[in-house]
$ cat final_10.cif   # mmCIF, C-alpha atoms
data_structure
#
loop_
_atom_site.label_atom_id
_atom_site.label_comp_id
_atom_site.auth_asym_id
_atom_site.auth_seq_id
_atom_site.Cartn_x
_atom_site.Cartn_y
_atom_site.Cartn_z
CA MET A 1 -64.09 4.81 -72.58
CA LYS A 2 -60.51 4.11 -71.47
CA LYS A 3 -60.76 6.90 -68.90
CA ILE A 4 -63.87 5.34 -67.41
CA ILE A 5 -62.22 1.91 -67.16
CA TYR A 6 -59.15 3.44 -65.41
CA LEU A 7 -61.39 5.38 -63.00
CA PHE A 8 -63.38 2.25 -62.25
CA LEU A 9 -60.21 0.26 -61.55
CA LEU A 10 -58.83 2.99 -59.27
CA LEU A 11 -62.06 3.16 -57.24
CA PHE A 12 -62.07 -0.66 -56.91
CA ILE A 13 -58.53 -0.67 -55.55
CA VAL A 14 -59.25 2.14 -53.03
CA PHE A 15 -62.46 0.48 -51.89
CA SER A 16 -60.89 -2.95 -51.42
CA ALA A 17 -58.00 -1.40 -49.47
CA ALA A 18 -60.48 0.37 -47.14
CA VAL A 19 -62.39 -2.84 -46.53
CA ARG A 20 -59.16 -4.72 -45.75
CA ALA A 21 -58.17 -2.04 -43.27
CA GLN A 22 -61.51 -2.37 -41.41
CA THR A 23 -61.33 -6.15 -41.09
CA PRO A 24 -60.15 -7.17 -37.58
CA PRO A 25 -57.16 -9.53 -37.57
CA VAL A 26 -59.01 -12.09 -35.44
CA SER A 27 -58.76 -14.90 -37.88
CA THR A 28 -54.97 -14.75 -38.16
CA ALA A 29 -54.50 -14.53 -34.38
CA SER A 30 -56.83 -17.40 -33.62
CA SER A 31 -55.49 -19.65 -36.30
CA ASN A 32 -51.88 -19.17 -35.18
CA LEU A 33 -51.78 -19.37 -31.36
CA THR A 34 -48.31 -20.82 -31.04
CA PRO A 35 -45.84 -18.68 -32.91
CA THR A 36 -42.95 -20.46 -34.49
CA LEU A 37 -39.60 -18.75 -34.20
CA SER A 38 -36.85 -18.89 -36.68
CA ALA A 39 -33.38 -20.05 -35.62
CA SER A 40 -32.02 -16.51 -35.72
CA GLU A 41 -34.88 -15.22 -33.55
CA GLU A 42 -34.32 -17.98 -31.01
CA LYS A 43 -30.63 -17.16 -30.97
CA LEU A 44 -31.45 -13.49 -30.37
CA ILE A 45 -33.77 -14.38 -27.48
CA GLN A 46 -31.11 -16.65 -25.98
CA GLU A 47 -28.51 -13.90 -26.26
CA PHE A 48 -30.92 -11.45 -24.61
CA LYS A 49 -31.55 -13.90 -21.75
CA THR A 50 -27.81 -14.43 -21.28
CA ASN A 51 -27.24 -10.66 -21.26
CA VAL A 52 -29.94 -10.15 -18.64
CA ALA A 53 -28.49 -12.95 -16.48
CA THR A 54 -25.01 -11.45 -16.79
CA GLN A 55 -26.29 -7.99 -15.87
CA VAL A 56 -28.11 -9.39 -12.82
CA ALA A 57 -24.98 -11.32 -11.74
CA GLN A 58 -22.84 -8.21 -12.18
CA TYR A 59 -25.32 -6.12 -10.20
CA GLN A 60 -25.38 -8.69 -7.40
CA GLN A 61 -21.57 -8.92 -7.44
CA LYS A 62 -21.30 -5.13 -7.35
CA ASN A 63 -23.63 -4.87 -4.41
CA ASN A 64 -22.42 -7.95 -2.59
CA ARG A 65 -19.83 -5.88 -0.85
CA ALA A 66 -19.62 -3.57 2.09
CA ILE A 67 -18.12 -0.14 2.61
CA ALA A 68 -16.43 0.72 5.89
CA GLY A 69 -15.11 3.78 7.67
CA PHE A 70 -15.25 5.95 10.73
CA MET A 71 -18.42 7.97 11.22
CA GLU A 72 -17.68 11.63 10.61
CA SER A 73 -21.12 13.19 10.88
CA TYR A 74 -24.84 12.57 10.60
CA SER A 75 -27.46 15.02 9.41
CA ASN A 76 -30.51 15.00 7.17
CA ASN A 77 -30.47 11.21 6.95
CA ILE A 78 -26.93 11.24 5.53
CA MET A 79 -24.14 9.59 7.47
CA LYS A 80 -20.66 10.60 6.32
CA ILE A 81 -17.97 7.97 6.80
CA LYS A 82 -14.26 8.11 6.03
CA ASN A 83 -11.79 5.25 5.86
CA ASP A 84 -8.07 5.19 6.74
CA SER A 85 -7.15 5.83 3.09
CA GLY A 86 -9.09 9.10 3.22
CA ASP A 87 -11.99 7.95 1.02
CA GLU A 88 -15.29 9.54 2.04
CA TYR A 89 -18.72 7.98 1.54
CA SER A 90 -22.25 9.32 1.94
CA VAL A 91 -24.52 6.76 3.50
CA LYS A 92 -28.22 7.42 2.96
CA ILE A 93 -30.29 6.21 5.90
CA ASP A 94 -33.91 5.23 5.32
CA ASP A 95 -35.90 5.69 8.53
CA ASN A 96 -38.09 2.70 7.74
CA LEU A 97 -35.72 0.32 5.98
CA THR A 98 -32.18 0.77 7.32
CA LYS A 99 -31.31 -1.46 10.24
CA PHE A 100 -28.50 -0.94 12.73
CA TYR A 101 -26.49 -3.63 14.48
CA GLN A 102 -23.55 -4.04 16.77
CA VAL A 103 -21.21 -6.91 15.96
CA THR A 104 -20.61 -9.18 18.94
CA SER A 105 -18.08 -12.02 18.97
CA THR A 106 -20.28 -14.48 17.11
CA ASP A 107 -23.41 -12.60 16.15
CA LYS A 108 -25.09 -9.21 16.07
CA THR A 109 -27.46 -7.28 18.30
CA GLU A 110 -29.85 -4.68 16.98
CA ILE A 111 -29.16 -1.13 18.07
CA LYS A 112 -30.53 2.31 17.20
CA LEU A 113 -29.02 4.94 14.96
CA ALA A 114 -28.53 7.17 18.01
CA ASP A 115 -26.24 4.52 19.53
CA ILE A 116 -23.65 5.11 16.81
CA LYS A 117 -21.41 7.96 17.89
CA THR A 118 -19.09 10.13 15.85
CA GLY A 119 -15.70 8.43 15.41
CA GLN A 120 -17.24 4.95 15.63
CA TYR A 121 -16.07 2.42 13.03
CA VAL A 122 -18.94 1.07 10.94
CA PHE A 123 -19.45 -0.98 7.83
CA VAL A 124 -22.45 -0.58 5.59
CA THR A 125 -24.29 -2.91 3.22
CA GLY A 126 -26.73 -1.76 0.58
CA VAL A 127 -26.88 -0.38 -2.92
CA ILE A 128 -23.50 1.15 -3.73
CA ASN A 129 -23.25 3.81 -6.38
CA GLY A 130 -19.73 5.22 -6.41
CA HIS A 131 -19.25 7.03 -3.11
CA LYS A 132 -22.96 6.94 -2.28
CA ILE A 133 -24.70 4.07 -0.54
CA ASP A 134 -28.38 3.48 0.08
CA ALA A 135 -27.94 1.64 3.35
CA ASN A 136 -29.78 -1.57 4.09
CA GLU A 137 -27.77 -2.36 7.20
CA VAL A 138 -25.19 -0.47 9.24
CA TYR A 139 -22.92 -2.48 11.55
CA GLU A 140 -20.89 -1.06 14.41
CA ASP A 141 -17.64 -3.04 14.65
CA ASP A 142 -14.04 -2.94 15.90
CA TYR A 143 -11.31 -1.78 13.56
CA PHE A 144 -8.34 -4.10 13.32
CA ILE A 145 -5.12 -3.45 11.46
CA THR A 146 -2.99 -6.33 10.20
CA GLU A 147 0.40 -5.35 8.84
CA SER A 148 3.99 -6.46 8.57
CA GLY A 149 7.42 -4.93 8.50
CA LYS A 150 10.95 -4.99 9.89
CA ILE A 151 11.72 -4.44 13.55
CA THR A 152 13.98 -1.41 13.86
CA GLU A 153 14.10 -1.12 17.67
CA VAL A 154 13.44 -3.38 20.62
CA ASN A 155 13.02 -1.45 23.85
CA LYS A 156 13.38 -3.83 26.74
CA THR A 157 12.80 -1.15 29.37
CA ASP A 158 9.44 0.11 28.19
CA TYR A 159 8.45 -3.08 26.39
CA TYR A 160 7.81 -1.86 22.92
CA VAL A 161 9.11 -2.51 19.42
CA SER A 162 9.38 -0.07 16.55
CA VAL A 163 8.44 -1.41 13.14
CA LEU A 164 9.13 -0.01 9.70
CA THR A 165 6.17 -1.24 7.67
CA ASN A 166 6.14 -2.08 3.98
CA ASP A 167 4.42 1.29 3.44
CA LYS A 168 7.53 2.96 4.97
CA GLU A 169 5.58 4.00 8.04
CA THR A 170 7.02 3.66 11.53
CA ILE A 171 4.67 2.03 14.00
CA THR A 172 5.32 1.52 17.70
CA LEU A 173 3.88 -1.63 19.20
CA ASP A 174 3.45 -1.82 22.96
CA ILE A 175 3.80 -5.34 24.27
CA GLU A 176 1.02 -6.00 26.76
CA SER A 177 0.42 -8.93 29.06
CA TYR A 178 -2.23 -10.17 26.62
CA THR A 179 -0.06 -9.82 23.49
CA LYS A 180 0.27 -13.18 21.78
CA GLN A 181 3.91 -13.49 20.65
CA GLN A 182 4.88 -16.32 18.31
CA LEU A 183 8.11 -17.24 16.55
CA MET A 184 8.26 -19.08 13.24
CA ASP A 185 10.60 -22.06 13.09
CA ILE A 186 12.79 -21.45 10.05
CA LYS A 187 12.87 -25.15 9.14
CA THR A 188 9.37 -26.41 9.89
CA LEU A 189 7.54 -23.04 9.58
CA ALA A 190 5.65 -23.99 12.75
CA LEU A 191 4.70 -21.27 15.20
CA SER A 192 5.58 -21.46 18.87
CA PRO A 193 5.02 -19.02 21.75
CA ILE A 194 8.02 -16.90 22.75
CA GLY A 195 8.91 -14.24 25.28
CA PHE A 196 9.80 -10.64 24.53
CA SER A 197 13.53 -11.32 25.07
CA LYS A 198 13.65 -13.46 21.88
CA ILE A 199 12.68 -10.58 19.60
CA LYS A 200 15.62 -8.98 17.78
CA SER A 201 16.06 -5.86 15.74
CA GLY A 202 16.12 -6.86 12.05
CA ASP A 203 13.54 -9.61 12.42
CA THR A 204 10.40 -9.53 10.30
CA ILE A 205 7.15 -9.04 12.16
CA HIS A 206 3.49 -9.61 11.27
CA PHE A 207 1.13 -8.01 13.76
CA VAL A 208 -2.50 -7.31 14.57
CA VAL A 209 -3.63 -4.23 16.48
CA LYS A 210 -7.00 -2.72 17.29
CA LYS A 211 -7.41 0.95 16.47
CA THR A 212 -9.76 2.53 18.97
CA GLY A 213 -9.20 6.18 18.16
CA LYS A 214 -8.06 6.74 21.75
CA GLU A 215 -4.38 6.00 21.15
CA ARG A 216 -1.83 7.99 23.20
CA GLU A 217 0.29 8.74 20.14
CA LYS A 218 -0.21 8.58 16.41
CA ASN A 219 0.92 5.20 15.04
CA ARG A 220 1.33 3.72 18.54
CA TYR A 221 -0.82 0.73 19.37
CA SER A 222 -1.06 -2.10 21.86
CA ALA A 223 -0.23 -5.28 19.98
CA LEU A 224 -2.85 -8.00 20.09
CA LYS A 225 -0.62 -10.58 18.46
CA MET A 226 2.57 -10.87 16.49
CA ILE A 227 4.48 -13.40 14.46
CA ILE A 228 8.24 -13.07 14.34
CA ILE A 229 10.12 -14.42 11.31
CA PRO A 230 13.79 -14.50 12.30
CA GLN A 231 16.17 -12.74 9.94
CA GLU A 232 18.10 -16.02 9.62
CA PHE A 233 15.23 -17.34 7.50
CA PHE A 234 16.07 -14.89 4.72
CA ILE A 235 19.82 -15.63 4.74
CA LYS A 236 20.25 -18.40 2.20
CA MET B 1 -9.66 -0.40 -82.87
CA LYS B 2 -13.13 -1.43 -81.91
CA LYS B 3 -14.68 -0.02 -78.70
CA GLU B 4 -15.25 -3.55 -77.24
CA THR B 5 -11.59 -4.46 -77.76
CA ALA B 6 -10.43 -1.35 -75.93
CA ILE B 7 -12.73 -2.10 -72.97
CA ALA B 8 -11.49 -5.71 -72.84
CA ILE B 9 -7.86 -4.52 -72.76
CA VAL B 10 -8.57 -2.04 -69.93
CA PHE B 11 -10.36 -4.74 -67.88
CA GLY B 12 -7.50 -7.15 -68.53
CA ILE B 13 -4.94 -4.64 -67.27
CA ILE B 14 -6.98 -3.90 -64.12
CA LEU B 15 -7.49 -7.59 -63.33
CA GLY B 16 -3.81 -8.33 -63.93
CA GLY B 17 -2.85 -5.49 -61.58
CA ILE B 18 -5.13 -6.83 -58.81
CA VAL B 19 -3.75 -10.38 -59.14
CA ALA B 20 -0.16 -9.07 -59.10
CA THR B 21 -0.79 -6.96 -55.96
CA LEU B 22 -2.39 -9.92 -54.17
CA LEU B 23 0.54 -12.18 -55.06
CA ILE B 24 3.09 -9.63 -53.78
CA LEU B 25 1.21 -9.15 -50.49
CA ARG B 26 0.86 -12.91 -49.95
CA ASN B 27 4.55 -13.38 -50.61
CA LYS B 28 5.46 -10.70 -48.05
CA GLU B 29 3.27 -12.37 -45.41
CA LEU B 30 4.96 -15.70 -46.06
CA GLN B 31 8.39 -14.08 -45.69
CA LEU B 32 7.37 -12.40 -42.42
CA ALA B 33 5.95 -15.63 -41.06
CA LYS B 34 9.19 -17.41 -41.84
CA ASN B 35 11.27 -14.70 -40.11
CA LYS B 36 8.98 -14.70 -37.05
CA ALA B 37 9.30 -18.43 -36.70
CA PHE B 38 13.10 -18.23 -36.64
CA GLY B 39 13.07 -15.29 -34.22
CA SER B 40 10.55 -16.80 -31.81
CA ASN B 41 12.39 -20.11 -31.59
CA SER B 42 15.61 -18.49 -30.49
CA SER B 43 13.97 -16.09 -27.97
CA GLN B 44 11.81 -18.85 -26.49
CA SER B 45 14.76 -20.97 -25.55
CA ALA B 46 16.46 -18.04 -23.90
CA ALA B 47 13.41 -16.46 -22.26
CA ALA B 48 11.50 -19.50 -21.01
CA PRO B 49 13.80 -20.47 -18.16
CA ALA B 50 14.21 -16.83 -17.19
CA THR B 51 10.42 -16.41 -16.88
CA SER B 52 9.97 -19.39 -14.60
CA GLN B 53 12.80 -18.19 -12.36
CA ASN B 54 12.06 -14.47 -12.20
CA ILE B 55 8.28 -14.17 -11.87
CA GLN B 56 7.92 -11.72 -9.03
CA SER B 57 4.21 -11.18 -9.38
CA PHE B 58 1.77 -12.20 -6.71
CA THR B 59 -1.82 -12.22 -7.81
CA LEU B 60 -4.85 -12.78 -5.68
CA ASP B 61 -7.84 -14.24 -7.52
CA ALA B 62 -10.28 -14.56 -4.63
CA PRO B 63 -11.83 -13.24 -2.52
CA GLN B 64 -12.33 -9.62 -3.53
CA ASP B 65 -11.69 -6.77 -1.13
CA GLY B 66 -14.92 -5.71 0.57
CA GLU B 67 -16.74 -8.92 -0.35
CA ILE B 68 -19.65 -10.15 1.75
CA VAL B 69 -19.78 -13.88 2.42
CA TYR B 70 -22.35 -15.94 4.27
CA THR B 71 -20.09 -18.76 5.46
CA ASN B 72 -17.61 -18.75 8.32
CA SER B 73 -14.63 -19.44 6.07
CA VAL B 74 -13.29 -18.31 2.76
CA THR B 75 -10.92 -19.84 0.23
CA ILE B 76 -7.99 -17.60 -0.54
CA LYS B 77 -6.79 -18.32 -4.07
CA GLY B 78 -3.99 -16.86 -6.08
CA SER B 79 -0.61 -17.42 -7.61
CA ALA B 80 2.93 -16.65 -6.52
CA ASN B 81 6.43 -17.90 -7.15
CA LYS B 82 6.97 -21.57 -6.60
CA GLY B 83 8.80 -22.06 -3.30
CA SER B 84 7.76 -18.70 -1.84
CA LEU B 85 6.59 -18.31 1.75
CA ILE B 86 2.98 -17.21 2.18
CA VAL B 87 1.86 -15.65 5.46
CA ILE B 88 -1.88 -15.09 5.93
CA GLN B 89 -2.90 -13.26 9.07
CA SER B 90 -6.15 -12.02 10.57
CA PRO B 91 -7.19 -11.23 14.16
CA ILE B 92 -8.37 -14.83 14.60
CA LYS B 93 -5.92 -16.92 12.57
CA ASP B 94 -2.28 -17.08 11.48
CA LEU B 95 -1.30 -19.32 8.61
CA ILE B 96 2.16 -19.88 7.18
CA VAL B 97 2.63 -22.12 4.16
CA LYS B 98 5.28 -22.80 1.58
CA ASN B 99 3.96 -22.43 -1.94
CA ASP B 100 4.71 -25.79 -3.57
CA ASN B 101 3.03 -24.88 -6.85
CA GLU B 102 2.57 -21.55 -8.50
CA GLN B 103 -1.16 -21.62 -7.69
CA PHE B 104 -2.24 -21.64 -4.08
CA SER B 105 -5.60 -22.17 -2.42
CA GLU B 106 -6.05 -21.97 1.35
CA ASP B 107 -9.20 -22.19 3.45
CA PHE B 108 -9.25 -19.46 6.04
CA PRO B 109 -11.71 -19.02 8.91
CA LEU B 110 -13.73 -15.85 9.40
CA SER B 111 -15.26 -14.27 12.45
CA PHE B 112 -18.67 -12.62 12.31
CA GLY B 113 -18.44 -9.08 10.94
CA GLU B 114 -15.40 -7.51 9.37
CA ASN B 115 -12.25 -9.59 8.86
CA ALA B 116 -9.00 -7.74 8.20
CA ILE B 117 -6.75 -10.19 6.37
CA THR B 118 -3.22 -9.57 5.16
CA ILE B 119 -1.55 -11.94 2.71
CA THR B 120 2.20 -11.54 2.41
CA VAL B 121 4.39 -13.43 -0.04
CA TYR B 122 8.13 -13.75 0.45
CA PRO B 123 9.88 -14.91 -2.74
CA PRO B 124 12.27 -17.88 -2.58
CA GLN B 125 15.23 -15.71 -3.54
CA ALA B 126 16.71 -13.99 -0.48
CA GLU B 127 17.11 -10.70 -2.35
CA GLY B 128 13.50 -10.74 -3.60
CA LYS B 129 11.05 -8.16 -2.30
CA SER B 130 8.01 -9.27 -0.33
CA GLN B 131 4.55 -8.41 -1.64
CA GLU B 132 1.45 -7.80 0.40
CA LYS B 133 -2.27 -7.62 -0.21
CA ARG B 134 -4.81 -6.46 2.36
CA LEU B 135 -8.42 -7.48 2.35
CA ARG B 136 -11.51 -6.69 4.35
CA ILE B 137 -14.01 -9.51 4.10
CA TYR B 138 -17.43 -9.38 5.72
CA TYR B 139 -19.00 -12.50 7.14
CA LEU B 140 -22.70 -11.91 7.65
CA LYS B 141 -25.76 -14.03 8.18
CA GLN B 142 -28.24 -13.90 5.35
CA SER B 143 -31.40 -11.93 6.20
CA LEU B 144 -34.58 -13.92 5.69
#
$ encode --input "final_10.cif" --output "structure tokens"
Amino acid sequence: MKKIIYLFLLLFIVFSAAVRAQTPPVSTASSNLTPTLSASEEKLIQEFKTNVATQVAQYQQKNNRAIAGFMESYSNNIMKIKNDSGDEYSVKIDDNLTKFYQVTSTDKTEIKLADIKTGQYVFVTGVINGHKIDANEVYEDDYFITESGKITEVNKTDYYVSVLTNDKETITLDIESYTKQQLMDIKTLALSPIGFSKIKSGDTIHFVVKKTGKEREKNRYSALKMIIIPQEFFIK
Amino acid sequence: MKKETAIAIVFGIILGGIVATLLILRNKELQLAKNKAFGSNSSQSAAAPATSQNIQSFTLDAPQDGEIVYTNSVTIKGSANKGSLIVIQSPIKDLIVKNDNEQFSEDFPLSFGENAITITVYPPQAEGKSQEKRLRIYYLKQSL
């Protein structure tokens, strides 16, 4: 008799479980349309949102920069560029998406990929992944160098100055008719135009040159502008 | 001796050992804290003036090298020795300022495209070495 009762109970349990499994959970879903979240769940969601926002900001920050260099080669939709420090980058060009521009004094004009020649200085915007860039825009621009150093020689016959830069490089600056030469007043720090005769060996110089790639000698440039800080300023 | 008594004695010894260890450790911490306090007081008085006089570091907080901006000027922020001379130069602008505070913040104009900017800091001491940071900032117009 006991065996029968146990068997009956077991069958009842199995049967009720099967029925429960077949019942669709409609009633629970419809009766509880607005889920209530516990404080810990809300905190988790908030943390997740903050993490996503941070990731997006970091991604934007990472890609809100440009990579520049001189064009080395172009083949199979890959433009190789190399900067003055020797870093090389592979720029992936998308025939449909990548746009090309030339920087003018205040704006840009659209050009074609074929207009960019080997040796041309360019900067690229897009998705940067290490030394690879999926280019959105490629800009053709001039390459300026701004540096400073000590004047080691003033040649008043050939109108040039030799400068030992902070990187211990010797650069020769040709003084042209268009070179803007300014001297800093050691008391007021104001800048005033000067002539070449005022420049002395031992003075500090800050200069701007444009590197065209067609220079006569390595490290010899025509100076666009220069600021002279007289050596007297540093004698205190 | 009853079994319960023996267990109670063992537990008592263990508990006593734990309390003694904790007390010794706490005492050591207190001693160390006292020594540190004496040491730090004396070094602070000697080191503080030296720090304010000898900071040779020049840090640039903004902008970042290679950054793209969509306005025709940028604020150059950083810190350098008080009284140092700061020279900021680009192809379109030369700026020379004396750093009155340790923090500096200067608005600097940009031309469209790439802007090569060099920031040089000359320390107030004549024998101090100048420090230089070079940036390339890109002023572009936002694509619609």
$ residues_around --input "final_10.cif" --residues "Val91 of chain A" --least-positions-apart "4" --cutoff "7 Å" --atoms "all atoms listed in the file" --output "short mmCIF file (atom, residue, chain, number, x, y, z; two decimals) with C-alpha atoms, in the coordinates of the input"
data_model
loop_
_atom_site.label_atom_id
_atom_site.label_comp_id
_atom_site.auth_asym_id
_atom_site.auth_seq_id
_atom_site.Cartn_x
_atom_site.Cartn_y
_atom_site.Cartn_z
CA ILE A 78 -26.93 11.24 5.53
CA MET A 79 -24.14 9.59 7.47
CA LYS A 80 -20.66 10.60 6.32
CA LYS A 132 -22.96 6.94 -2.28
CA ILE A 133 -24.70 4.07 -0.54
CA ASP A 134 -28.38 3.48 0.08
CA ALA A 135 -27.94 1.64 3.35
#
$ resolve_selection --input "final_10.cif" --expression "the PyMOL selection byres ((chain A) within 9 of (chain B))" --output "number ranges by chain"
A: 61, 63-68, 103-108, 123, 125, 139, 141-148, 166, 184, 189-191, 206-209, 224-225, 227, 233-236
$ closest_residue --input "final_10.cif" --among "A:Asp174, A:Asp185, A:Asp203, A:Glu47" --to "Arg216 of chain A" --atoms "all atoms listed in the file"
A:Asp174
$ closest_residue --input "final_10.cif" --among "B:Lys129, B:Gln142, B:Ser105, B:Thr21" --to "Tyr70 of chain B" --atoms "only C-alpha atoms"
B:Gln142
$ resolve_selection --input "final_10.cif" --expression "the PyMOL selection byres ((chain A and resi 173) around 10)" --output "list in words"
Val154, Tyr159, Tyr160, Val161, Ser162, Val163, Thr170, Ile171, Thr172, Asp174, Ile175, Glu176, Phe207, Val208, Val209, Asn219, Arg220, Tyr221, Ser222, Ala223, Leu224 and Met226 of chain A
$ closest_residue --input "final_10.cif" --among "A:Gly213, A:Pro230, A:Gly126, A:Gly149" --to "Asp84 of chain A" --atoms "only C-alpha atoms"
A:Gly213
$ closest_residue --input "final_10.cif" --among "B:Ala6, B:Ala62, B:Gly12, B:Ile18" --to "Phe108 of chain B" --atoms "only C-alpha atoms"
B:Ala62
$ residues_around --input "final_10.cif" --residues "Glu137 of chain A" --least-positions-apart "3" --cutoff "8 Å" --atoms "all atoms listed in the file" --output "list in words"
Thr98, Lys99, Phe100, Tyr101, Val124, Thr125 and Gly126 of chain A
$ write_last_selection --input "final_10.cif" --atoms "C-alpha atoms" --output "compact mmCIF listing (two decimals), keeping the file's coordinate frame"
# COMPACT_ATOMS: atom_id res chain seq x y z
CA THR A 98 -32.18 0.77 7.32
CA LYS A 99 -31.31 -1.46 10.24
CA PHE A 100 -28.50 -0.94 12.73
CA TYR A 101 -26.49 -3.63 14.48
CA VAL A 124 -22.45 -0.58 5.59
CA THR A 125 -24.29 -2.91 3.22
CA GLY A 126 -26.73 -1.76 0.58
$ atom_distance --input "final_10.cif" --atom1 "atom CA of Asn76 of chain A" --atom2 "atom CA of Ser90 of chain A"
11.3 Å
$ atom_distance --input "final_10.cif" --atom1 "atom CA of Gly83 of chain B" --atom2 "atom CA of Asp100 of chain B"
5.5 Å
$ closest_residue --input "final_10.cif" --among "B:Val74, B:Ala20, B:Ile14, B:Leu60" --to "Val121 of chain B" --atoms "all atoms listed in the file"
B:Leu60
$ residues_around --input "final_10.cif" --residues "segment 75-81 of chain B" --least-positions-apart "2" --cutoff "7 Å" --atoms "only C-alpha atoms" --output "number ranges by chain"
B: 55-63, 73, 83-84, 102-108, 123
